[in-house]
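Below is one structure, written out as structure tokens, with a few remarks after it.
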Amino acid sequence: AAAGGGSGWSLTGNTGLSSTANWIGNNDDISFNVKVNNVFSGEIAPSAYGRTHFGYNAGTGAKSALSFYTTLIGSNAGPSITGNGNTGVGEASFDNGGALTNSVAIGRKAATTLNAGDNNVAIGYFTGLPSTSGSHQLNIQNVIWGVSCNGIYTSPTTPSGRIGIGTNAPNASAILDLTSTTQGFLPPRMTGTQAAAIASKAEGLMVYVTDATG
């Protein structure tokens with residue numbers, strides 16, 4: 001029973017609770033909502049919608065648009081997102097929002113400039129993407145960039161894409177584009193004996209041999 005007897009729920013703590021008999025929520029097929037200063041700050045929607053939002057003003061756009069399968073956690077996380085299948089974790093992640101679909105933002109102000117598109121991924125503090133409305137883009141801590149990143153785990157289509165380090169616009173003819181005017185590319189270094197011992201060498205395998213052995 002709740003503290004003080006009866007069915008009331010004490011605002012200063014409860015004792016004698018049962019993990020199966022006592023809970024906060026509802027018995028109806030509707031969302032369970034939380035407000036702070038009269039602003040929506042939490043929602044657990046029925047499984048048909050699959051929305052889970054927690055944090056001041058988090059997911060208010062998705063809630064109003066009746067979006068499906070969004071998970072938004074953090075103060076002002078995705079406040080104006082209206083699309084489906086998005087996951088944002090971190091204060092002000094997806095803070096520019098919009099009609100996004102199946103995109104991921106992890107970190108404070110991750111995907112901060114994105115306002116449309118699908119299947120985008122931004123990881124790290126204040127990570128934007130090459131196009132504010134593009135699709136299939138990647139940014140990891142503003143260091144590793146990806147464009148045309150296609151491929152779904154259950155799809156038989158061969159995944160594809162281009163990765164850039166030091167550039168957010170990797171060359172269209174390259175699967176990996178390393179760009180710098182102050183640093184070089186350092187391949188694996190080993191002795192000739194070690195290089196010769198590599199099993200089943202692929203054609204085009206590249207190493208730097210440090211001596212004349214092997």
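Every chain in the structure tokens has a letter given in the order shown (A, B, ...), and although residue numbers restart at 1 in each chain, ligands are simply numbered from 1 in the order shown.
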Region 9-130 of chain A: which residues are helix (DSSP H, G or I) by DSSP, as a count of residues only? 5
At a cut-off of 7 Å, using only C-alpha atoms, what residues contact Gln141 (chain A)? Leave out same-chain residues fewer than 2 positions from it and give the result as a PyMOL selection string. chain A and resi 123-125+127+139+143-144
Residues near region 48-54 of chain A, anyone? I mean within 12 Å using only C-alpha atoms, not counting same-chain ones fewer than 6 positions away, as a PyMOL selection string. chain A and resi 29-36+39-42+60-79+81-91
All residues 12 Å or closer to Ser160 (chain A), only C-alpha atoms, same chain fewer than 3 positions away omitted, as number ranges by chain: A: 136-137, 146-152, 157, 163, 172, 174-176
